[in-house]
Amino acid sequence: MREVAIIGAGLVPFGKYPKKTLADIAWPAVKQAIQDSGIKKNEIGAAYCGTALGGMMAGQRILKIVGLTGLPIINIENACSSSSTAFREAWIAVAAGIYDAALVIGVEKLTKFGGGTLPLEKEDWEVAHGLVMPALYAMRARRYMHEYGLTEDQLAMVSVKARKHGGLNPDAQFRDPVTIEQVKQARPVADPMTLFHCCPSGDGAAAVVICSAEKARQYTTSPVRVLGSEINSGNYMTGYRDMTSPEITVRGAKQLYEEAGIGPEDVDLAEVHDAFAIAELLYYEALGFCARGDAAKLLEDGETSLGGRIPVNPSGGLLAKGHPIGATGVAQIVEIVRQLRGQCGDRQVEGAKVGLTHCTGGGISGFDHGVCSIHLFAR
Amino acid sequence: MSEAARELHEALNLAGDAVERDKAGNATIIASECADCQKRIFPPTDVCPECLSENLTRLPLSRRGTLYSWSVVHAAPKGWSLPFVAAYVDLPEGVRVFAHMVDVDPADLAMDMVVEVCMATLGTDETGATVESYSFVPVKEGDA
């Protein structure tokens with residue numbers, strides 16, 4: 001396997017584009033990524049498109065608009081990890097030498113569902129009995145509060161931090177700050193969580209171009225190396241399970257750090273899957289940024305805010321930047337690329353050298369999450 | 001379907017044969033137990049995920065368990081009676097069940113409290129038919 005680097009990144013601001021087609025939402029991100037990379041279209045060997053709910057052949061629908069056809073186009077569905085899975089598949093193919101360069105797209109249009117909770121698979125037992133994603137995370141939150149003494153104010157602080165970071169990101173869906181009181185007083189969704197503890201529904205797209213690290217310097221002076229790529233499915237457990245520790249993220253992070261030969265202390269910033277406020281706290285612990293039970297303290301001490309020891313979700317994360325399901329994985333990678341290149345302006349993590357992305361996907365009974373993909377990058 | 005025709009239909013039982021009722025209407029949840037490796041699986045299945053045996057038996061679960069966590073849900077797809085209490089209940093056989101809690105003031109819920117299974121109406125399906133399934137209620141002090 002050879003080393004792989006990201007040479008181009010593109011993203012359209014997350015928001016609501018009900019009048020645009022999925023393909024029209026996505027192509028500007030693709031064009032931006034290709035132009036940013038300096039690569040010629042005909043040098044791209046394959047394209048991988050991740051979307052959870054975008055329908056058949058999303059990749060072909062997008063790429064015909066920009067005239068990138070005739071090459072293998074692989075469409076991938078893996079819930080919220082659809083495009084991080086697409087990235088990993090592209091990475092495998094380039095690392096294995098099958099292609100010298102590949103394009104990865106993440107895209108979603110959730111406005112077509114008209115709002116509300118994410119539509120889940122009705123064949124699933126718990127979904128058929130009324131389980132919705134906010135309720136699942138709310139039950140994790142309540143148990144964590146019980147076992148570790150997390151307070152409602154501390155839980156709200158996750159959203160306050162996310163909005164503060166999102167305010168510095170022109171691509172974020174939510175850019176207005178909120179206070180702890182505003183979060184707690186917002187409309188209840190699944191208690192203890194209110195609307196402001198939940199990521200918004202929306203549309204968006206992101207794209208990156210990758211190539212062999214050896215060839216990357218031909219195209220760009222600022223390639224971002226892929227240090228490691230990990231993906232797992234959850235362990236199916238029909239018995240008791242500890243919902244205060246996400247087993248799939250704990251397992252994946254351990255594997256990834258071993259593979260990359262670095263530890264959590266070497267990570268300068270992370271984009272994690274904060275679909276709901278409690279999730280970010282669970283992931284501080286699962287990714288090794290603090291010990292079990294210490295997440296609230298890490299947050300309160302400002303260590304995960306911009307300027308802290310390990311800024312988490314400088315983009316605003318899913319809570320503020322937005323979470324168009326299939327777009328999220330690649331969008332996280334775009335943020336890390338821009339941070340490592342020093343292109344992030346007011347939200348720049350100074351001197352960032354190593355960045356981590358973490359994406360999960362759930363909504364199926366018996367799993368902590370159905371999928372989790374984690375990546376490490378370095379400049 | 002007309003209102004009259006609708007009334008002729010029994011409530012749709014979401015749990016199918018994963019719940020049994022005695023003559024008095026008391027509900028019991030059924031899991032699968034592998035006759036070869038003794039793994040217990042809920043909801044019931046046709047193949048053991050541990051050893052791939054298809055030699056599974058129906059295992060009636062205890063009617064009482066403990067509340068692992070819950071949430072009062074205010075946002076859900078059309079059809080569910082809102083708000084409802086979503087819960088995970090741990091049963092002594094080592095099985096965790098997702099269910100609604102019914103007939104309870106959320107203020108009275110507590111971690112690890114003892115709860116008991118019942119059948120309850122939970123909402124309606126796309127056709128407007130009533131849906132029901134196993135649910136849980138808190139066990140009041142003094143209940144046998």
# chains A, B, ... in the order shown; residues from 1 in each chain; ligands from 1

$ interface_residues --of "chain B" --to "chain A" --cutoff "7 Å" --atoms "only C-alpha atoms" --output "PyMOL selection string"
chain B and resi 41-42+69-76+86+90+94-96+98

$ residues_around --residues "Arg347 (chain A)" --least-positions-apart "5" --cutoff "8 Å" --atoms "only C-alpha atoms" --output "PyMOL selection string"
chain A and resi 165+168-169+306+314-315

$ write_last_selection --atoms "C-alpha atoms" --output "compact mmCIF listing (two decimals), in the first residue's frame"
# COMPACT_ATOMS: atom_id res chain seq x y z
CA HIS A 165 -17.46 28.07 16.44
CA LEU A 168 -16.79 31.92 12.66
CA ASN A 169 -17.54 29.61 9.72
CA LEU A 306 -10.74 27.22 19.79
CA PRO A 314 -13.91 24.19 14.99
CA SER A 315 -16.25 24.20 11.97

$ select_by_dssp --residues "region 86-294 of chain A" --states "strand (DSSP E)" --output "JSON, numbers by chain"
{"A": [101, 102, 103, 104, 105, 106, 107, 108, 109, 188, 189, 190, 193, 194, 203, 204, 205, 206, 207, 208, 209, 210, 211, 212, 224, 225, 226, 227, 228, 229, 230, 231, 232, 233, 269, 270, 271]}

$ select_by_dssp --residues "chain B" --states "helix (DSSP H, G or I)" --output "PyMOL selection string"
chain B and resi 3-8+16-18+106-108

$ write_last_selection --atoms "N, CA, C and O atoms" --output "PDB file, in the first residue's frame"
ATOM      1  N   GLU B   3     -64.968   4.704   8.405  1.00  0.00           N
ATOM      2  CA  GLU B   3     -64.846   4.606   9.866  1.00  0.00           C
ATOM      3  C   GLU B   3     -65.412   3.283  10.369  1.00  0.00           C
ATOM      4  O   GLU B   3     -64.825   2.624  11.219  1.00  0.00           O
ATOM      5  N   ALA B   4     -66.561   2.892   9.789  1.00  0.00           N
ATOM      6  CA  ALA B   4     -67.213   1.662  10.238  1.00  0.00           C
ATOM      7  C   ALA B   4     -66.325   0.449   9.954  1.00  0.00           C
ATOM      8  O   ALA B   4     -66.149  -0.416  10.808  1.00  0.00           O
ATOM      9  N   ALA B   5     -65.753   0.431   8.746  1.00  0.00           N
ATOM     10  CA  ALA B   5     -64.885  -0.689   8.386  1.00  0.00           C
ATOM     11  C   ALA B   5     -63.663  -0.718   9.302  1.00  0.00           C
ATOM     12  O   ALA B   5     -63.199  -1.781   9.704  1.00  0.00           O
ATOM     13  N   ARG B   6     -63.177   0.459   9.621  1.00  0.00           N
ATOM     14  CA  ARG B   6     -61.996   0.542  10.462  1.00  0.00           C
ATOM     15  C   ARG B   6     -62.249  -0.094  11.830  1.00  0.00           C
ATOM     16  O   ARG B   6     -61.415  -0.766  12.394  1.00  0.00           O
ATOM     17  N   GLU B   7     -63.448   0.156  12.337  1.00  0.00           N
ATOM     18  CA  GLU B   7     -63.780  -0.370  13.669  1.00  0.00           C
ATOM     19  C   GLU B   7     -63.796  -1.891  13.690  1.00  0.00           C
ATOM     20  O   GLU B   7     -63.589  -2.508  14.720  1.00  0.00           O
ATOM     21  N   LEU B   8     -64.072  -2.486  12.532  1.00  0.00           N
ATOM     22  CA  LEU B   8     -64.109  -3.942  12.478  1.00  0.00           C
ATOM     23  C   LEU B   8     -62.715  -4.562  12.606  1.00  0.00           C
ATOM     24  O   LEU B   8     -62.561  -5.701  12.975  1.00  0.00           O
ATOM     25  N   GLY B  16     -46.309  -8.624  16.754  1.00  0.00           N
ATOM     26  CA  GLY B  16     -46.593  -9.930  16.159  1.00  0.00           C
ATOM     27  C   GLY B  16     -46.523 -11.029  17.204  1.00  0.00           C
ATOM     28  O   GLY B  16     -47.027 -10.879  18.320  1.00  0.00           O
ATOM     29  N   ASP B  17     -45.837 -12.142  16.859  1.00  0.00           N
ATOM     30  CA  ASP B  17     -45.778 -13.250  17.821  1.00  0.00           C
ATOM     31  C   ASP B  17     -44.641 -13.100  18.833  1.00  0.00           C
ATOM     32  O   ASP B  17     -44.302 -14.042  19.539  1.00  0.00           O
ATOM     33  N   ALA B  18     -44.053 -11.900  18.909  1.00  0.00           N
ATOM     34  CA  ALA B  18     -43.058 -11.644  19.954  1.00  0.00           C
ATOM     35  C   ALA B  18     -43.742 -11.272  21.268  1.00  0.00           C
ATOM     36  O   ALA B  18     -43.079 -10.952  22.259  1.00  0.00           O
ATOM     37  N   PRO B 106     -43.998  11.384  33.826  1.00  0.00           N
ATOM     38  CA  PRO B 106     -42.537  11.283  33.687  1.00  0.00           C
ATOM     39  C   PRO B 106     -41.783  11.706  34.948  1.00  0.00           C
ATOM     40  O   PRO B 106     -40.684  11.207  35.208  1.00  0.00           O
ATOM     41  N   ALA B 107     -42.380  12.568  35.740  1.00  0.00           N
ATOM     42  CA  ALA B 107     -41.715  13.013  36.972  1.00  0.00           C
ATOM     43  C   ALA B 107     -41.535  11.859  37.954  1.00  0.00           C
ATOM     44  O   ALA B 107     -40.704  11.918  38.860  1.00  0.00           O
ATOM     45  N   ASP B 108     -42.328  10.798  37.770  1.00  0.00           N
ATOM     46  CA  ASP B 108     -42.241   9.657  38.692  1.00  0.00           C
ATOM     47  C   ASP B 108     -41.241   8.593  38.226  1.00  0.00           C
ATOM     48  O   ASP B 108     -41.035   7.592  38.906  1.00  0.00           O
TER      49      ASP B 108
END

$ atom_distance --atom1 "CA of His273 (chain A)" --atom2 "CA of Thr328 (chain A)"
8.7 Å

$ residues_around --residues "Leu340 (chain A)" --least-positions-apart "2" --cutoff "6 Å" --atoms "only C-alpha atoms" --output "PDB file with all heavy atoms, in the first residue's frame"
ATOM      1  N   VAL A 337      -8.642  19.512   6.051  1.00  0.00           N
ATOM      2  CA  VAL A 337      -7.702  19.934   4.997  1.00  0.00           C
ATOM      3  C   VAL A 337      -7.453  21.434   5.094  1.00  0.00           C
ATOM      4  O   VAL A 337      -6.307  21.898   5.087  1.00  0.00           O
ATOM      5  CB  VAL A 337      -8.260  19.566   3.594  1.00  0.00           C
ATOM      6  CG1 VAL A 337      -7.464  20.265   2.490  1.00  0.00           C
ATOM      7  CG2 VAL A 337      -8.236  18.061   3.388  1.00  0.00           C
ATOM      8  N   ARG A 338      -8.523  22.196   5.216  1.00  0.00           N
ATOM      9  CA  ARG A 338      -8.375  23.661   5.265  1.00  0.00           C
ATOM     10  C   ARG A 338      -7.672  24.112   6.543  1.00  0.00           C
ATOM     11  O   ARG A 338      -6.894  25.063   6.530  1.00  0.00           O
ATOM     12  CB  ARG A 338      -9.747  24.321   5.111  1.00  0.00           C
ATOM     13  CG  ARG A 338     -10.299  24.115   3.699  1.00  0.00           C
ATOM     14  CD  ARG A 338     -11.692  24.664   3.516  1.00  0.00           C
ATOM     15  NE  ARG A 338     -12.115  24.518   2.114  1.00  0.00           N
ATOM     16  CZ  ARG A 338     -13.334  24.783   1.670  1.00  0.00           C
ATOM     17  NH1 ARG A 338     -14.270  25.197   2.521  1.00  0.00           N
ATOM     18  NH2 ARG A 338     -13.632  24.629   0.399  1.00  0.00           N
ATOM     19  N   GLY A 342      -4.002  25.997   6.922  1.00  0.00           N
ATOM     20  CA  GLY A 342      -4.025  27.347   7.503  1.00  0.00           C
ATOM     21  C   GLY A 342      -4.962  28.296   6.780  1.00  0.00           C
ATOM     22  O   GLY A 342      -4.724  29.495   6.721  1.00  0.00           O
ATOM     23  N   ALA A 352      -1.839  23.858  13.504  1.00  0.00           N
ATOM     24  CA  ALA A 352      -2.381  22.492  13.414  1.00  0.00           C
ATOM     25  C   ALA A 352      -1.575  21.642  12.432  1.00  0.00           C
ATOM     26  O   ALA A 352      -1.351  22.036  11.286  1.00  0.00           O
ATOM     27  CB  ALA A 352      -3.848  22.550  12.977  1.00  0.00           C
ATOM     28  N   LYS A 353      -1.145  20.481  12.909  1.00  0.00           N
ATOM     29  CA  LYS A 353      -0.367  19.564  12.063  1.00  0.00           C
ATOM     30  C   LYS A 353      -1.091  18.241  11.837  1.00  0.00           C
ATOM     31  O   LYS A 353      -0.933  17.620  10.788  1.00  0.00           O
ATOM     32  CB  LYS A 353       0.991  19.275  12.710  1.00  0.00           C
ATOM     33  CG  LYS A 353       1.964  20.442  12.714  1.00  0.00           C
ATOM     34  CD  LYS A 353       3.354  19.962  13.128  1.00  0.00           C
ATOM     35  CE  LYS A 353       4.397  21.056  13.005  1.00  0.00           C
ATOM     36  NZ  LYS A 353       4.176  22.165  13.978  1.00  0.00           N
ATOM     37  N   ARG A 379      -0.267  17.354   7.757  1.00  0.00           N
ATOM     38  CA  ARG A 379       0.348  18.155   6.701  1.00  0.00           C
ATOM     39  C   ARG A 379       1.833  17.867   6.656  1.00  0.00           C
ATOM     40  O   ARG A 379       2.385  17.282   7.568  1.00  0.00           O
ATOM     41  CB  ARG A 379       0.082  19.636   6.906  1.00  0.00           C
ATOM     42  CG  ARG A 379       0.714  20.282   8.132  1.00  0.00           C
ATOM     43  CD  ARG A 379       0.393  21.770   8.088  1.00  0.00           C
ATOM     44  NE  ARG A 379       0.534  22.412   9.378  1.00  0.00           N
ATOM     45  CZ  ARG A 379       1.646  23.086   9.764  1.00  0.00           C
ATOM     46  NH1 ARG A 379       2.686  23.171   8.973  1.00  0.00           N
ATOM     47  NH2 ARG A 379       1.678  23.671  10.949  1.00  0.00           N
TER      48      ARG A 379
END

$ residues_around --residues "Ala120 (chain B)" --least-positions-apart "2" --cutoff "10 Å" --atoms "only C-alpha atoms" --output "PyMOL selection string"
chain B and resi 13+27+100-103+117-118+122-123+131-137

$ write_last_selection --atoms "N, CA and C atoms" --output "short mmCIF file (atom, residue, chain, number, x, y, z; two decimals), in the first residue's frame"
data_model
loop_
_atom_site.label_atom_id
_atom_site.label_comp_id
_atom_site.auth_asym_id
_atom_site.auth_seq_id
_atom_site.Cartn_x
_atom_site.Cartn_y
_atom_site.Cartn_z
N ASN B 13 -51.12 -5.30 16.05
CA ASN B 13 -50.10 -5.60 17.06
C ASN B 13 -48.71 -5.55 16.43
N ALA B 27 -49.79 -9.60 29.18
CA ALA B 27 -48.84 -9.79 28.09
C ALA B 27 -47.52 -10.38 28.59
N HIS B 100 -42.34 1.52 24.87
CA HIS B 100 -42.94 2.74 25.42
C HIS B 100 -43.29 2.48 26.88
N MET B 101 -43.17 3.53 27.71
CA MET B 101 -43.72 3.49 29.07
C MET B 101 -45.08 4.19 28.99
N VAL B 102 -46.07 3.59 29.62
CA VAL B 102 -47.41 4.19 29.56
C VAL B 102 -47.99 4.37 30.97
N ASP B 103 -49.06 5.15 31.04
CA ASP B 103 -49.75 5.40 32.31
C ASP B 103 -48.78 5.87 33.40
N VAL B 117 -44.54 -5.34 32.28
CA VAL B 117 -45.04 -5.32 30.90
C VAL B 117 -46.56 -5.26 30.87
N CYS B 118 -47.09 -4.60 29.84
CA CYS B 118 -48.53 -4.55 29.59
C CYS B 118 -48.71 -4.38 28.08
N LEU B 122 -50.54 2.69 20.97
CA LEU B 122 -49.43 3.61 20.85
C LEU B 122 -49.62 4.68 19.78
N GLY B 123 -50.62 4.49 18.93
CA GLY B 123 -50.84 5.46 17.86
C GLY B 123 -51.63 4.82 16.75
N VAL B 131 -52.54 1.12 16.40
CA VAL B 131 -51.44 0.18 16.60
C VAL B 131 -51.18 0.02 18.09
N GLU B 132 -50.82 -1.20 18.46
CA GLU B 132 -50.53 -1.49 19.87
C GLU B 132 -49.30 -2.37 19.93
N SER B 133 -48.68 -2.41 21.11
CA SER B 133 -47.58 -3.34 21.32
C SER B 133 -47.34 -3.48 22.82
N TYR B 134 -46.40 -4.36 23.14
CA TYR B 134 -46.00 -4.47 24.54
C TYR B 134 -45.44 -3.12 24.99
N SER B 135 -45.67 -2.78 26.22
CA SER B 135 -45.21 -1.52 26.80
C SER B 135 -44.92 -1.82 28.26
N PHE B 136 -44.51 -0.81 29.00
CA PHE B 136 -44.23 -1.03 30.42
C PHE B 136 -44.89 0.04 31.27
N VAL B 137 -45.24 -0.35 32.49
CA VAL B 137 -45.74 0.59 33.50
C VAL B 137 -44.91 0.40 34.77
#

$ residues_around --residues "Gln173 (chain A)" --least-positions-apart "3" --cutoff "7 Å" --atoms "only C-alpha atoms" --output "PDB file with N, CA and C atoms, in the first residue's frame"
ATOM      1  N   PHE A  14     -23.640  24.637   3.977  1.00  0.00           N
ATOM      2  CA  PHE A  14     -24.793  23.820   4.342  1.00  0.00           C
ATOM      3  C   PHE A  14     -25.981  24.733   4.624  1.00  0.00           C
ATOM      4  N   GLY A  15     -27.155  24.290   4.203  1.00  0.00           N
ATOM      5  CA  GLY A  15     -28.342  25.106   4.406  1.00  0.00           C
ATOM      6  C   GLY A  15     -29.551  24.423   3.816  1.00  0.00           C
ATOM      7  N   ALA A 320     -23.873  22.994  14.463  1.00  0.00           N
ATOM      8  CA  ALA A 320     -23.955  24.353  13.920  1.00  0.00           C
ATOM      9  C   ALA A 320     -23.654  24.403  12.427  1.00  0.00           C
ATOM     10  N   LYS A 321     -22.655  23.643  11.983  1.00  0.00           N
ATOM     11  CA  LYS A 321     -22.357  23.660  10.546  1.00  0.00           C
ATOM     12  C   LYS A 321     -23.496  22.999   9.779  1.00  0.00           C
ATOM     13  N   GLY A 322     -24.139  22.013  10.432  1.00  0.00           N
ATOM     14  CA  GLY A 322     -25.256  21.295   9.805  1.00  0.00           C
ATOM     15  C   GLY A 322     -24.888  19.851   9.530  1.00  0.00           C
TER      16      GLY A 322
END

$ residues_around --residues "region 371-373 of chain A" --least-positions-apart "5" --cutoff "9 Å" --atoms "only C-alpha atoms" --output "PyMOL selection string"
chain A and resi 78-81+84-85+88+229-234+248-249+252+329+357-362

$ write_last_selection --atoms "N, CA and C atoms" --output "mmCIF file, in the first residue's frame"
data_model
loop_
_atom_site.group_PDB
_atom_site.id
_atom_site.type_symbol
_atom_site.label_atom_id
_atom_site.label_comp_id
_atom_site.auth_asym_id
_atom_site.auth_seq_id
_atom_site.Cartn_x
_atom_site.Cartn_y
_atom_site.Cartn_z
ATOM 1 N N ASN A 78 -24.100 4.344 3.487
ATOM 2 C CA ASN A 78 -23.741 3.808 4.801
ATOM 3 C C ASN A 78 -24.205 4.791 5.878
ATOM 4 N N ALA A 79 -25.475 5.176 5.775
ATOM 5 C CA ALA A 79 -26.092 6.134 6.700
ATOM 6 C C ALA A 79 -25.238 7.403 6.799
ATOM 7 N N CYS A 80 -25.034 7.898 8.018
ATOM 8 C CA CYS A 80 -24.307 9.158 8.184
ATOM 9 C C CYS A 80 -22.836 9.013 7.826
ATOM 10 N N SER A 81 -22.360 7.797 7.693
ATOM 11 C CA SER A 81 -20.975 7.556 7.286
ATOM 12 C C SER A 81 -20.874 7.273 5.788
ATOM 13 N N SER A 84 -17.874 9.218 4.311
ATOM 14 C CA SER A 84 -16.587 8.833 4.909
ATOM 15 C C SER A 84 -16.243 7.408 4.477
ATOM 16 N N THR A 85 -17.261 6.590 4.240
ATOM 17 C CA THR A 85 -17.032 5.257 3.686
ATOM 18 C C THR A 85 -16.548 5.374 2.237
ATOM 19 N N ARG A 88 -12.968 6.238 2.275
ATOM 20 C CA ARG A 88 -12.105 5.100 2.597
ATOM 21 C C ARG A 88 -11.957 4.165 1.388
ATOM 22 N N SER A 229 -6.876 5.179 8.089
ATOM 23 C CA SER A 229 -8.298 5.109 7.753
ATOM 24 C C SER A 229 -8.880 3.876 8.432
ATOM 25 N N GLU A 230 -9.958 4.081 9.153
ATOM 26 C CA GLU A 230 -10.566 2.966 9.902
ATOM 27 C C GLU A 230 -12.068 2.981 9.714
ATOM 28 N N ILE A 231 -12.615 1.811 9.510
ATOM 29 C CA ILE A 231 -14.082 1.716 9.480
ATOM 30 C C ILE A 231 -14.492 0.407 10.131
ATOM 31 N N ASN A 232 -15.587 0.455 10.879
ATOM 32 C CA ASN A 232 -16.116 -0.740 11.537
ATOM 33 C C ASN A 232 -17.633 -0.726 11.466
ATOM 34 N N SER A 233 -18.196 -1.916 11.574
ATOM 35 C CA SER A 233 -19.622 -1.969 11.892
ATOM 36 C C SER A 233 -19.723 -2.189 13.399
ATOM 37 N N GLY A 234 -20.879 -1.897 13.952
ATOM 38 C CA GLY A 234 -21.069 -2.105 15.382
ATOM 39 C C GLY A 234 -21.166 -3.588 15.697
ATOM 40 N N ILE A 248 -18.190 1.108 19.448
ATOM 41 C CA ILE A 248 -17.653 1.078 18.086
ATOM 42 C C ILE A 248 -16.594 2.169 17.896
ATOM 43 N N THR A 249 -16.796 3.318 18.522
ATOM 44 C CA THR A 249 -15.809 4.399 18.415
ATOM 45 C C THR A 249 -14.572 4.061 19.241
ATOM 46 N N GLY A 252 -12.666 1.467 17.169
ATOM 47 C CA GLY A 252 -12.088 2.032 15.952
ATOM 48 C C GLY A 252 -10.925 2.959 16.240
ATOM 49 N N GLY A 329 -19.365 13.245 6.140
ATOM 50 C CA GLY A 329 -18.035 12.648 6.224
ATOM 51 C C GLY A 329 -16.994 13.408 5.429
ATOM 52 N N THR A 357 -10.922 13.004 11.824
ATOM 53 C CA THR A 357 -12.356 13.060 11.551
ATOM 54 C C THR A 357 -13.010 11.783 12.065
ATOM 55 N N HIS A 358 -14.243 11.933 12.539
ATOM 56 C CA HIS A 358 -14.957 10.807 13.145
ATOM 57 C C HIS A 358 -16.421 10.909 12.767
ATOM 58 N N CYS A 359 -16.924 9.858 12.171
ATOM 59 C CA CYS A 359 -18.277 9.859 11.641
ATOM 60 C C CYS A 359 -18.946 8.540 12.026
ATOM 61 N N THR A 360 -20.174 8.605 12.516
ATOM 62 C CA THR A 360 -20.884 7.368 12.845
ATOM 63 C C THR A 360 -22.133 7.260 11.968
ATOM 64 N N GLY A 361 -22.899 6.233 12.172
ATOM 65 C CA GLY A 361 -24.173 6.090 11.478
ATOM 66 C C GLY A 361 -25.002 5.080 12.240
ATOM 67 N N GLY A 362 -26.230 5.458 12.595
ATOM 68 C CA GLY A 362 -27.021 4.568 13.446
ATOM 69 C C GLY A 362 -28.468 4.513 13.046
#

$ residues_around --residues "Gly308 (chain A)" --least-positions-apart "6" --cutoff "10 Å" --atoms "only C-alpha atoms" --output "list of chain:residue names"
A:Asp268, A:Leu269, A:Leu298, A:Leu299, A:Asp301, A:Gly302, A:Val349

$ closest_residue --among "A:Leu318, A:Ile333, A:Ile105, A:Leu287" --to "Arg251 (chain A)" --atoms "only C-alpha atoms"
A:Leu287

$ atom_distance --atom1 "CA of Gly228 (chain A)" --atom2 "CA of Ile325 (chain A)"
22.7 Å

$ decode --residues "region 101-127 of chain A" --atoms "C-alpha atoms" --output "PDB file, in the first residue's frame"
ATOM      1  CA  ALA A 101      -6.209   9.741  -8.444  1.00  0.00           C
ATOM      2  CA  ALA A 102      -9.836   9.600  -7.340  1.00  0.00           C
ATOM      3  CA  LEU A 103     -12.689  11.963  -6.586  1.00  0.00           C
ATOM      4  CA  VAL A 104     -14.861  11.583  -3.485  1.00  0.00           C
ATOM      5  CA  ILE A 105     -18.247  13.273  -3.126  1.00  0.00           C
ATOM      6  CA  GLY A 106     -20.619  13.503  -0.180  1.00  0.00           C
ATOM      7  CA  VAL A 107     -24.095  14.892  -0.780  1.00  0.00           C
ATOM      8  CA  GLU A 108     -27.575  14.987   0.721  1.00  0.00           C
ATOM      9  CA  LYS A 109     -30.834  16.822   0.258  1.00  0.00           C
ATOM     10  CA  LEU A 110     -32.943  16.453   3.401  1.00  0.00           C
ATOM     11  CA  THR A 111     -35.378  19.283   2.585  1.00  0.00           C
ATOM     12  CA  LYS A 112     -37.159  16.856   0.250  1.00  0.00           C
ATOM     13  CA  PHE A 113     -38.556  15.196   3.394  1.00  0.00           C
ATOM     14  CA  GLY A 114     -40.055  18.459   4.635  1.00  0.00           C
ATOM     15  CA  GLY A 115     -38.368  18.514   8.062  1.00  0.00           C
ATOM     16  CA  GLY A 116     -38.832  16.474  11.222  1.00  0.00           C
ATOM     17  CA  THR A 117     -36.700  13.618  12.480  1.00  0.00           C
ATOM     18  CA  LEU A 118     -34.539  11.656  10.045  1.00  0.00           C
ATOM     19  CA  PRO A 119     -36.569   8.978   8.221  1.00  0.00           C
ATOM     20  CA  LEU A 120     -35.276   5.607   9.412  1.00  0.00           C
ATOM     21  CA  GLU A 121     -35.697   2.070   8.055  1.00  0.00           C
ATOM     22  CA  LYS A 122     -39.165   0.909   9.039  1.00  0.00           C
ATOM     23  CA  GLU A 123     -38.238  -2.786   8.806  1.00  0.00           C
ATOM     24  CA  ASP A 124     -36.087  -2.279  11.889  1.00  0.00           C
ATOM     25  CA  TRP A 125     -37.719  -3.554  15.076  1.00  0.00           C
ATOM     26  CA  GLU A 126     -37.118  -0.524  17.282  1.00  0.00           C
ATOM     27  CA  VAL A 127     -37.884   1.964  14.506  1.00  0.00           C
TER      28      VAL A 127
END
